[in-house]
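*Asks:* To start, I am sharing the structure in question, which I have written as structure tokens.
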Amino acid sequence: MSVVAVLDVGKTNLKLLAVTPEGAVLEAVRTRNLSRPGPPYLHVDLAAMEAWLLGALGGLARRHRLAAFVATGYGTSGVLVDEAGPVLPMMDYEAAAPGWLDDAYAAEGPDFAETGCLVDPGAHRLAKQLLWLERDFPDGFARARWLLTLPQYFAWRLGGVPASEITTLAAQTHLWNPAAAGFTGIVRRRGWDRLIPPRRNAWDVLGTIRPDLAAAHRLPPDLALLCGVHDSNANYHRFLAAGLGDVPLLSTGTWIIGFQPGLPMDRLDQRRGMVANVDVDGRPIGCTLHMGGREWERIAGPDPAEAAADDLAALVAAGTMALPGFAEGDGLFPGRAGRGEKPGRVLLQSFMPDHPVMQTLVADDRDGFLASEAEARRSRGLPPYGKLVALIVSGPDRGAVDRVSQDLGRAAPQGDGLLVLGPADAPLAMLRGRHRRRLLLKADRRIGVQPLVAEWVSRVQVPGTVRVQVDIDPYSFL
């Protein structure tokens, strides 16, 4: 019996499945999908993924008659390649972005109306990643011949034929305008469309496996390589093909996507985690999107217990809901992570129980707390009665971090209503292998700090291994 090898590239796990043409899973092997820290940034370990894939494919070929290979993968990620391979590491979209990126992208990137997709902070959109790579790594970017999204990257590595495909091209990348069925403005203005390979259907056969790989891993020399598809759209297409295109669908995994057929695009609400996806035929479809797998990790912890059917029934009967959310920064209730509505008991331990803040907390005196805090902030010129800007300098080389921090201190803006403190060690002076230093700008509320800070940072030469993050009116001083 002929079998299809399906590679499922998830944000958390990699799976390779042996599947019959009717869709029955005969076998599955899996491993963790691990990213590597910089330099130059948090990136996906493509070499390890490829080595695992080829080994696992060879194993499947010894147990099944493989006829075809197809990859499916998560969205808003891609690899810049030349004829030999990647010219830069494939960025993990959770990489800590440089301080300039959000403001630069806000000035040039597409908005929700153009993409049907929220402009998230950091590197969560492929177009933002390209802007970062083009500015900070110009030599590698200039060598790039193609931009390949994940499924098409593995088809190319196995067979050598570059291709693009609509569901991966449009999956929250900010490269595609679903309503206009064309590239977004930033793609055209920056000439990135030159990097997009010819478009193919997800089911198109691009060719057969390279002879050297077939020989090295004992794979069938006629193994057909399909173009590939975005993972959640593959789930959705299964229902479309079964004549259930009008049925709402939840696709689960690290990301949970809710497909709502027939939802008008003007009903999308970016405040509620709603996005526009595109199906395999290029038709836009309204969806919800949130990182449900991350919610599960927050709730279950590192060592989750086994749950029996009776446990689930008890939770349902009690009306227990994980609302509004536990993971920061996304979801259907953005900005509400960790906030709930069921009453609980809170214990506070303090060396200053007579402090006004502690007294208002004990008395449940919300208005008293706000009045006391407002006066304290007003008298000291703190937000919202003044402005604070934190600069966090980090990198793997302590000497380079110190040099950039000292240069920033010497180049600090001066004038009435301005005070710069630091550089000094951050309270978390080492985090994930990166040394960290902080500077703090205190400014009068009438001063426009964004252009001031942009000009300040531009006066200092920052090597590629060092990152300068800018945090305006910071919540955390760690």
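Each chain of the structure tokens is named A, B, ... in the order shown, its residues numbered from 1; ligands are numbered from 1 in display order.
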If you run DSSP on the backbone, which residues of segment 155-207 of chain A are helix (DSSP H, G or I), as a list of chain:residue names?
*Replies:*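 DSSP on the backbone gives helix (DSSP H, G or I) at A:Ala155, A:Trp156, A:Arg157, A:Leu158, A:Gly159, A:Ile166, A:Thr167, A:Thr168, A:Leu169, A:Gly185, A:Ile186, A:Val187, A:Arg188, A:Arg189, A:Arg190, A:Trp192, A:Asp193, A:Arg194, A:Leu195.
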*Asks:* Kindly export the residues of the current selection with N, CA and C atoms, as an mmCIF file, in the first residue's frame.
*Replies:*
```cif
data_model
loop_
_atom_site.group_PDB
_atom_site.id
_atom_site.type_symbol
_atom_site.label_atom_id
_atom_site.label_comp_id
_atom_site.auth_asym_id
_atom_site.auth_seq_id
_atom_site.Cartn_x
_atom_site.Cartn_y
_atom_site.Cartn_z
ATOM 1 N N ALA A 155 10.326 21.220 1.285
ATOM 2 C CA ALA A 155 10.183 20.674 -0.069
ATOM 3 C C ALA A 155 11.391 21.060 -0.925
ATOM 4 N N TRP A 156 11.874 22.299 -0.747
ATOM 5 C CA TRP A 156 13.040 22.772 -1.495
ATOM 6 C C TRP A 156 14.305 22.036 -1.064
ATOM 7 N N ARG A 157 14.489 21.824 0.239
ATOM 8 C CA ARG A 157 15.678 21.129 0.713
ATOM 9 C C ARG A 157 15.724 19.690 0.202
ATOM 10 N N LEU A 158 14.566 19.062 0.080
ATOM 11 C CA LEU A 158 14.535 17.673 -0.373
ATOM 12 C C LEU A 158 14.612 17.545 -1.886
ATOM 13 N N GLY A 159 14.104 18.562 -2.610
ATOM 14 C CA GLY A 159 14.030 18.420 -4.058
ATOM 15 C C GLY A 159 14.659 19.518 -4.876
ATOM 16 N N ILE A 166 -0.206 29.951 -1.171
ATOM 17 C CA ILE A 166 -1.010 31.068 -0.692
ATOM 18 C C ILE A 166 -1.333 30.983 0.797
ATOM 19 N N THR A 167 -1.610 29.793 1.349
ATOM 20 C CA THR A 167 -1.997 29.747 2.758
ATOM 21 C C THR A 167 -0.833 30.105 3.681
ATOM 22 N N THR A 168 0.378 29.697 3.318
ATOM 23 C CA THR A 168 1.535 30.048 4.141
ATOM 24 C C THR A 168 1.966 31.485 3.891
ATOM 25 N N LEU A 169 1.811 31.951 2.663
ATOM 26 C CA LEU A 169 2.181 33.329 2.333
ATOM 27 C C LEU A 169 1.297 34.330 3.063
ATOM 28 N N GLY A 185 1.657 46.835 0.815
ATOM 29 C CA GLY A 185 2.446 47.961 0.333
ATOM 30 C C GLY A 185 3.917 47.865 0.683
ATOM 31 N N ILE A 186 4.237 47.389 1.893
ATOM 32 C CA ILE A 186 5.643 47.340 2.300
ATOM 33 C C ILE A 186 6.427 46.352 1.439
ATOM 34 N N VAL A 187 5.783 45.291 0.987
ATOM 35 C CA VAL A 187 6.452 44.313 0.119
ATOM 36 C C VAL A 187 6.815 44.968 -1.211
ATOM 37 N N ARG A 188 5.872 45.715 -1.786
ATOM 38 C CA ARG A 188 6.128 46.352 -3.076
ATOM 39 C C ARG A 188 7.145 47.482 -2.954
ATOM 40 N N ARG A 189 7.003 48.309 -1.903
ATOM 41 C CA ARG A 189 7.911 49.457 -1.763
ATOM 42 C C ARG A 189 9.356 49.025 -1.546
ATOM 43 N N ARG A 190 9.550 47.970 -0.803
ATOM 44 C CA ARG A 190 10.915 47.530 -0.490
ATOM 45 C C ARG A 190 11.448 46.492 -1.478
ATOM 46 N N TRP A 192 10.546 43.443 -1.891
ATOM 47 C CA TRP A 192 10.639 42.077 -1.375
ATOM 48 C C TRP A 192 9.919 41.074 -2.264
ATOM 49 N N ASP A 193 9.068 41.550 -3.152
ATOM 50 C CA ASP A 193 8.373 40.613 -4.039
ATOM 51 C C ASP A 193 9.356 39.858 -4.930
ATOM 52 N N ARG A 194 10.581 40.405 -5.109
ATOM 53 C CA ARG A 194 11.590 39.692 -5.890
ATOM 54 C C ARG A 194 12.017 38.395 -5.199
ATOM 55 N N LEU A 195 11.775 38.307 -3.881
ATOM 56 C CA LEU A 195 12.189 37.137 -3.101
ATOM 57 C C LEU A 195 11.144 36.027 -3.095
#
```
*Asks:* With the cut-off set at 10 Å and counting only C-alpha atoms, tabulate each residue of segment 98-119 of chain A with an atom at most that distance from an atom of segment 271-285 of chain A, showing the nearest atom pair and its distance in Å to one decimal, ordered by chain and increasing number, as a Markdown table.
*Replies:*
```
| residue | atom | partner | partner_atom | distance |
| --- | --- | --- | --- | --- |
| A:Phe112 | CA | A:Val275 | CA | 8.7 |
| A:Thr115 | CA | A:Ala276 | CA | 7.3 |
| A:Gly116 | CA | A:Ala276 | CA | 4.8 |
| A:Cys117 | CA | A:Val275 | CA | 4.9 |
| A:Leu118 | CA | A:Val275 | CA | 7.3 |
```
*Asks:* Please determine, counting only C-alpha atoms, which residue among A:Phe369, A:Trp100, A:Tyr475, A:Trp456 has the shortest atom-to-atom distance to Pro383 of chain A.
*Replies:*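 With only C-alpha atoms as the atom set, the closest residue is A:Tyr475.
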*Asks:* Ranking A:Thr173, A:Asp425, A:Thr252, A:Ala28 by minimum distance to Gln406 of chain A and counting only C-alpha atoms, which one comes first?
*Replies:*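 Using only C-alpha atoms, Gln406 of chain A sits closest to A:Asp425.
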*Asks:* Looking only at the backbone, which of the residues in segment 298-444 of chain A does DSSP tag as strand (DSSP E), as an NGL selection string?
*Replies:* :A and (386-395 or 418-431 or 434-444)
*Asks:* Nearest to Pro221 of chain A: which of A:Asn235, A:Gln359, A:Thr208, A:Ser379 is it, counting only C-alpha atoms?
*Replies:*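 Looking only at the distances to Pro221 of chain A, the closest residue turns out to be A:Thr208.
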*Asks:* Could you name the residues that touch segment 128-137 of chain A at 7 Å or less, counting only C-alpha atoms, but leaving out those on the same chain fewer than 4 positions away, as a list in words?
*Replies:*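 Final neighbour list, sorted by chain and number: Leu101, Tyr105, Ala123, Phe141 and Gly464 of chain A.
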*Asks:* Keeping N, CA and C atoms, export the residues of the selection given above as a PDB file, in the first residue's frame.
*Replies:*
```pdb
ATOM      1  N   LEU A 101      12.645  48.614  16.231  1.00  0.00           N
ATOM      2  CA  LEU A 101      11.814  47.920  15.249  1.00  0.00           C
ATOM      3  C   LEU A 101      10.348  48.322  15.311  1.00  0.00           C
ATOM      4  N   TYR A 105       8.451  49.983  12.161  1.00  0.00           N
ATOM      5  CA  TYR A 105       7.401  49.239  11.484  1.00  0.00           C
ATOM      6  C   TYR A 105       6.073  49.981  11.545  1.00  0.00           C
ATOM      7  N   ALA A 123       8.753  40.488  17.013  1.00  0.00           N
ATOM      8  CA  ALA A 123       9.007  39.908  15.689  1.00  0.00           C
ATOM      9  C   ALA A 123       7.903  38.956  15.249  1.00  0.00           C
ATOM     10  N   PHE A 141      21.179  39.606   3.882  1.00  0.00           N
ATOM     11  CA  PHE A 141      19.921  39.873   3.192  1.00  0.00           C
ATOM     12  C   PHE A 141      20.157  40.062   1.694  1.00  0.00           C
ATOM     13  N   GLY A 464      26.251  43.995  16.021  1.00  0.00           N
ATOM     14  CA  GLY A 464      25.132  43.088  15.806  1.00  0.00           C
ATOM     15  C   GLY A 464      24.850  42.163  16.959  1.00  0.00           C
TER      16      GLY A 464
END
```
*Asks:* Smallest atom-to-atom distance to Leu441 of chain A: which of A:Gly191, A:Pro427, A:Gly409, A:Pro264, using only C-alpha atoms?
*Replies:*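 Selected residue with least distance to Leu441 of chain A: A:Gly409.
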*Asks:* Write out as a PyMOL selection string each polymer residue whose atoms come within 10 Å of Met430 of chain A, counting only C-alpha atoms; drop sequence neighbours fewer than 4 positions from it.
*Replies:* chain A and resi 394-396+398+425-426+434-437
*Asks:* Considering only C-alpha atoms, can you say which of A:Thr288, A:Ser2, A:Gln469, A:Asn233 comes closest to Ala454 of chain A?
*Replies:*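 Smallest distance to Ala454 of chain A is found for A:Gln469.
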*Asks:* Using only C-alpha atoms, which residue out of A:Glu165, A:Glu373, A:Asp103, A:Asp231 lies closest to Gly10 of chain A?
*Replies:*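 When distances to Gly10 of chain A are compared using only C-alpha atoms, the smallest one comes from A:Asp231.
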